[in-house]
Each structure stands twice: as structure tokens, then as C-alpha cells.
Amino acid sequence: QAQLVESGGGLAQAGGSLRLSCAPSGSIFNINYMAWYRQAPGKQRELVAGITNGDFTNYADSVKGRFTISGDNANNTVCLQMSSLKPEDTAVYYCYAWTPLRDYWGQGTRVTVSS
């Protein structure tokens, strides 16, 4: 069964950068939308950024101007470039994909930002 696999998480200092990547393992057809969500300890999962297959993007207010989402429709991959990181960006980041048949979630990659 196809799933999404994230990579690129880790430890960064405040003000630093990290790049997350997500790719499917197996075939996923008709992806219309891909996104990154995050969940910090004790908090609900929240949308960070999303991108449609027409390259329309949306961002949480908290990351606008600091994070950039990009996608590759041919390979069904999505990346999240994170800059000017803050300690409050510390969370597990999840990749998400929506198709007309079902949606998919990755298992998450941890990002820790130290002050």
C-alpha cells in the first residue's frame, strides 16, 4: 500500500533553516493537493502550508514569509523550506496528500528548534 515518506527533520538553532521533503513510496494517483501539517507537544495538529496541483499555495499566518512550500507534480513530491526558525516551530511535521478517492498521511518527521 502506498504511503508518504518524510525526510529532512532534525535539530536547528533559532534563526536557522531546515528543508523537509516528502515523497510517496508506491504509486499514488490523482493527487490534487499536498500539504505539511505539524503537531507540537500538547497541541492539536495544524496546517502549516499547502499546495495544489495548479501550484496555488496557502500558509499559516505564523509561517508566512519564513516557510516556502514547493511541489513536483510529475513525481508527487513536496518540499518545505523553513527559514528564520523559531523555538515555537518545534513539532512533528507531517506530509499530507489529498486525492478524490482518499487522503494520505506520512508518519512524521521531528523538527526541534533550540533558542
# chains A, B, ... in the order shown; residues from 1 in each chain; ligands from 1
call {"tool": "residues_around", "arguments": {"residues": "Val48 of chain A", "least_positions_apart": "4", "cutoff": "6 Å", "atoms": "only C-alpha atoms", "output": "ChimeraX atom specification"}}
result
/A:36-37,59-60
call {"tool": "residues_around", "arguments": {"residues": "segment 50-53 of chain A", "least_positions_apart": "4", "cutoff": "10 Å", "atoms": "only C-alpha atoms", "output": "ChimeraX atom specification"}}
result
/A:30-37,57-60,68-74,76,78,80,95-98
call {"tool": "atom_distance", "arguments": {"atom1": "atom CA of Val113 of chain A", "atom2": "atom CA of Ala23 of chain A"}}
result
23.7 Å
call {"tool": "residues_around", "arguments": {"residues": "segment 84-89 of chain A", "least_positions_apart": "3", "cutoff": "8 Å", "atoms": "only C-alpha atoms", "output": "list of chain:residue names"}}
result
A:Ala12, A:Gln13, A:Ala14, A:Gly15, A:Gly16, A:Ser17, A:Arg66, A:Val111, A:Thr112, A:Val113, A:Ser114, A:Ser115
call {"tool": "closest_residue", "arguments": {"among": "A:Val63, A:Ile28, A:Ala91, A:Ala40", "to": "Asp103 of chain A", "atoms": "only C-alpha atoms"}}
result
A:Ile28
call {"tool": "residues_around", "arguments": {"residues": "Ser21 of chain A", "least_positions_apart": "6", "cutoff": "8 Å", "atoms": "only C-alpha atoms", "output": "short mmCIF file (atom, residue, chain, number, x, y, z; two decimals) with N, CA and C atoms, in the first residue's frame"}}
result
data_model
loop_
_atom_site.label_atom_id
_atom_site.label_comp_id
_atom_site.auth_asym_id
_atom_site.auth_seq_id
_atom_site.Cartn_x
_atom_site.Cartn_y
_atom_site.Cartn_z
N GLU A 6 8.44 11.14 4.80
CA GLU A 6 9.08 12.43 5.01
C GLU A 6 10.56 12.25 5.33
N SER A 7 11.32 13.28 5.04
CA SER A 7 12.73 13.30 5.41
C SER A 7 13.15 14.75 5.63
N GLY A 8 14.27 14.93 6.32
CA GLY A 8 14.84 16.26 6.46
C GLY A 8 14.66 16.92 7.80
N THR A 77 6.00 14.85 -5.31
CA THR A 77 6.80 15.20 -4.14
C THR A 77 6.48 16.63 -3.71
N VAL A 78 6.74 16.88 -2.45
CA VAL A 78 6.53 18.22 -1.92
C VAL A 78 7.64 18.51 -0.93
N CYS A 79 8.09 19.76 -0.93
CA CYS A 79 9.15 20.17 -0.01
C CYS A 79 8.69 21.39 0.78
N LEU A 80 9.28 21.54 1.93
CA LEU A 80 9.02 22.71 2.77
C LEU A 80 10.36 23.29 3.17
#
call {"tool": "select_by_dssp", "arguments": {"residues": "segment 52-84 of chain A", "states": "strand (DSSP E)", "output": "ChimeraX atom specification"}}
result
/A:52,57-59,67-72,77-82
call {"tool": "write_last_selection", "arguments": {"atoms": "N, CA and C atoms", "output": "PDB file, in the first residue's frame"}}
result
ATOM      1  N   THR A  52      -1.615  23.217  -4.310  1.00  0.00           N
ATOM      2  CA  THR A  52      -2.466  22.451  -5.207  1.00  0.00           C
ATOM      3  C   THR A  52      -1.662  21.982  -6.410  1.00  0.00           C
ATOM      4  N   THR A  57      -0.808  28.140  -3.464  1.00  0.00           N
ATOM      5  CA  THR A  57      -0.286  27.834  -2.142  1.00  0.00           C
ATOM      6  C   THR A  57      -1.070  28.555  -1.057  1.00  0.00           C
ATOM      7  N   ASN A  58      -1.053  27.981   0.132  1.00  0.00           N
ATOM      8  CA  ASN A  58      -1.614  28.648   1.296  1.00  0.00           C
ATOM      9  C   ASN A  58      -0.707  28.371   2.483  1.00  0.00           C
ATOM     10  N   TYR A  59      -0.652  29.315   3.394  1.00  0.00           N
ATOM     11  CA  TYR A  59       0.241  29.234   4.546  1.00  0.00           C
ATOM     12  C   TYR A  59      -0.475  29.638   5.822  1.00  0.00           C
ATOM     13  N   PHE A  67       8.511  30.329   5.630  1.00  0.00           N
ATOM     14  CA  PHE A  67       8.464  28.988   5.038  1.00  0.00           C
ATOM     15  C   PHE A  67       7.993  29.077   3.596  1.00  0.00           C
ATOM     16  N   THR A  68       8.503  28.189   2.766  1.00  0.00           N
ATOM     17  CA  THR A  68       8.080  28.121   1.371  1.00  0.00           C
ATOM     18  C   THR A  68       7.806  26.669   1.004  1.00  0.00           C
ATOM     19  N   ILE A  69       6.616  26.430   0.475  1.00  0.00           N
ATOM     20  CA  ILE A  69       6.263  25.094   0.028  1.00  0.00           C
ATOM     21  C   ILE A  69       6.417  25.020  -1.489  1.00  0.00           C
ATOM     22  N   SER A  70       6.905  23.886  -1.962  1.00  0.00           N
ATOM     23  CA  SER A  70       7.043  23.685  -3.398  1.00  0.00           C
ATOM     24  C   SER A  70       6.702  22.238  -3.723  1.00  0.00           C
ATOM     25  N   GLY A  71       6.206  22.026  -4.929  1.00  0.00           N
ATOM     26  CA  GLY A  71       5.799  20.687  -5.303  1.00  0.00           C
ATOM     27  C   GLY A  71       6.274  20.302  -6.687  1.00  0.00           C
ATOM     28  N   ASP A  72       6.360  19.019  -6.912  1.00  0.00           N
ATOM     29  CA  ASP A  72       6.718  18.463  -8.218  1.00  0.00           C
ATOM     30  C   ASP A  72       5.604  17.507  -8.608  1.00  0.00           C
ATOM     31  N   THR A  77       6.004  14.847  -5.307  1.00  0.00           N
ATOM     32  CA  THR A  77       6.802  15.197  -4.145  1.00  0.00           C
ATOM     33  C   THR A  77       6.477  16.627  -3.710  1.00  0.00           C
ATOM     34  N   VAL A  78       6.740  16.885  -2.453  1.00  0.00           N
ATOM     35  CA  VAL A  78       6.534  18.224  -1.921  1.00  0.00           C
ATOM     36  C   VAL A  78       7.642  18.513  -0.930  1.00  0.00           C
ATOM     37  N   CYS A  79       8.092  19.755  -0.926  1.00  0.00           N
ATOM     38  CA  CYS A  79       9.147  20.173  -0.013  1.00  0.00           C
ATOM     39  C   CYS A  79       8.690  21.385   0.784  1.00  0.00           C
ATOM     40  N   LEU A  80       9.277  21.538   1.927  1.00  0.00           N
ATOM     41  CA  LEU A  80       9.018  22.706   2.766  1.00  0.00           C
ATOM     42  C   LEU A  80      10.356  23.292   3.175  1.00  0.00           C
ATOM     43  N   GLN A  81      10.660  24.462   2.640  1.00  0.00           N
ATOM     44  CA  GLN A  81      11.869  25.169   3.033  1.00  0.00           C
ATOM     45  C   GLN A  81      11.527  26.061   4.210  1.00  0.00           C
ATOM     46  N   MET A  82      12.183  25.825   5.324  1.00  0.00           N
ATOM     47  CA  MET A  82      11.897  26.562   6.550  1.00  0.00           C
ATOM     48  C   MET A  82      13.101  27.429   6.895  1.00  0.00           C
TER      49      MET A  82
END
call {"tool": "decode", "arguments": {"residues": "segment 54-80 of chain A", "atoms": "N, CA and C atoms", "output": "compact mmCIF listing (two decimals), in the first residue's frame"}}
result
# COMPACT_ATOMS: atom_id res chain seq x y z
N GLY A 54 -2.15 22.88 -9.21
CA GLY A 54 -2.00 24.06 -10.04
C GLY A 54 -1.07 25.09 -9.45
N ASP A 55 -0.36 24.67 -8.41
CA ASP A 55 0.65 25.49 -7.74
C ASP A 55 0.09 26.68 -6.96
N PHE A 56 -1.18 26.62 -6.60
CA PHE A 56 -1.69 27.61 -5.65
C PHE A 56 -1.24 27.18 -4.26
N THR A 57 -0.81 28.14 -3.46
CA THR A 57 -0.29 27.83 -2.14
C THR A 57 -1.07 28.56 -1.06
N ASN A 58 -1.05 27.98 0.13
CA ASN A 58 -1.61 28.65 1.30
C ASN A 58 -0.71 28.37 2.48
N TYR A 59 -0.65 29.31 3.39
CA TYR A 59 0.24 29.23 4.55
C TYR A 59 -0.47 29.64 5.82
N ALA A 60 -0.06 29.04 6.91
CA ALA A 60 -0.49 29.54 8.21
C ALA A 60 0.14 30.91 8.43
N ASP A 61 -0.59 31.78 9.10
CA ASP A 61 -0.08 33.13 9.34
C ASP A 61 1.26 33.09 10.07
N SER A 62 1.43 32.11 10.93
CA SER A 62 2.63 32.05 11.76
C SER A 62 3.90 31.74 10.97
N VAL A 63 3.76 31.26 9.74
CA VAL A 63 4.94 30.89 8.96
C VAL A 63 5.10 31.72 7.69
N LYS A 64 4.14 32.57 7.40
CA LYS A 64 4.22 33.39 6.18
C LYS A 64 5.50 34.22 6.18
N GLY A 65 6.18 34.21 5.04
CA GLY A 65 7.41 34.95 4.91
C GLY A 65 8.64 34.20 5.41
N ARG A 66 8.43 33.09 6.06
CA ARG A 66 9.57 32.30 6.57
C ARG A 66 9.65 30.92 5.92
N PHE A 67 8.51 30.33 5.63
CA PHE A 67 8.46 28.99 5.04
C PHE A 67 7.99 29.08 3.60
N THR A 68 8.50 28.19 2.77
CA THR A 68 8.08 28.12 1.37
C THR A 68 7.81 26.67 1.00
N ILE A 69 6.62 26.43 0.47
CA ILE A 69 6.26 25.09 0.03
C ILE A 69 6.42 25.02 -1.49
N SER A 70 6.90 23.89 -1.96
CA SER A 70 7.04 23.68 -3.40
C SER A 70 6.70 22.24 -3.72
N GLY A 71 6.21 22.03 -4.93
CA GLY A 71 5.80 20.69 -5.30
C GLY A 71 6.27 20.30 -6.69
N ASP A 72 6.36 19.02 -6.91
CA ASP A 72 6.72 18.46 -8.22
C ASP A 72 5.60 17.51 -8.61
N ASN A 73 4.72 17.95 -9.51
CA ASN A 73 3.57 17.14 -9.87
C ASN A 73 3.97 15.84 -10.56
N ALA A 74 5.04 15.88 -11.30
CA ALA A 74 5.44 14.68 -12.05
C ALA A 74 5.84 13.55 -11.10
N ASN A 75 6.44 13.91 -9.98
CA ASN A 75 6.92 12.89 -9.04
C ASN A 75 6.11 12.83 -7.75
N ASN A 76 5.07 13.66 -7.67
CA ASN A 76 4.23 13.70 -6.47
C ASN A 76 5.04 13.97 -5.21
N THR A 77 6.00 14.85 -5.31
CA THR A 77 6.80 15.20 -4.14
C THR A 77 6.48 16.63 -3.71
N VAL A 78 6.74 16.88 -2.45
CA VAL A 78 6.53 18.22 -1.92
C VAL A 78 7.64 18.51 -0.93
N CYS A 79 8.09 19.76 -0.93
CA CYS A 79 9.15 20.17 -0.01
C CYS A 79 8.69 21.39 0.78
N LEU A 80 9.28 21.54 1.93
CA LEU A 80 9.02 22.71 2.77
C LEU A 80 10.36 23.29 3.17
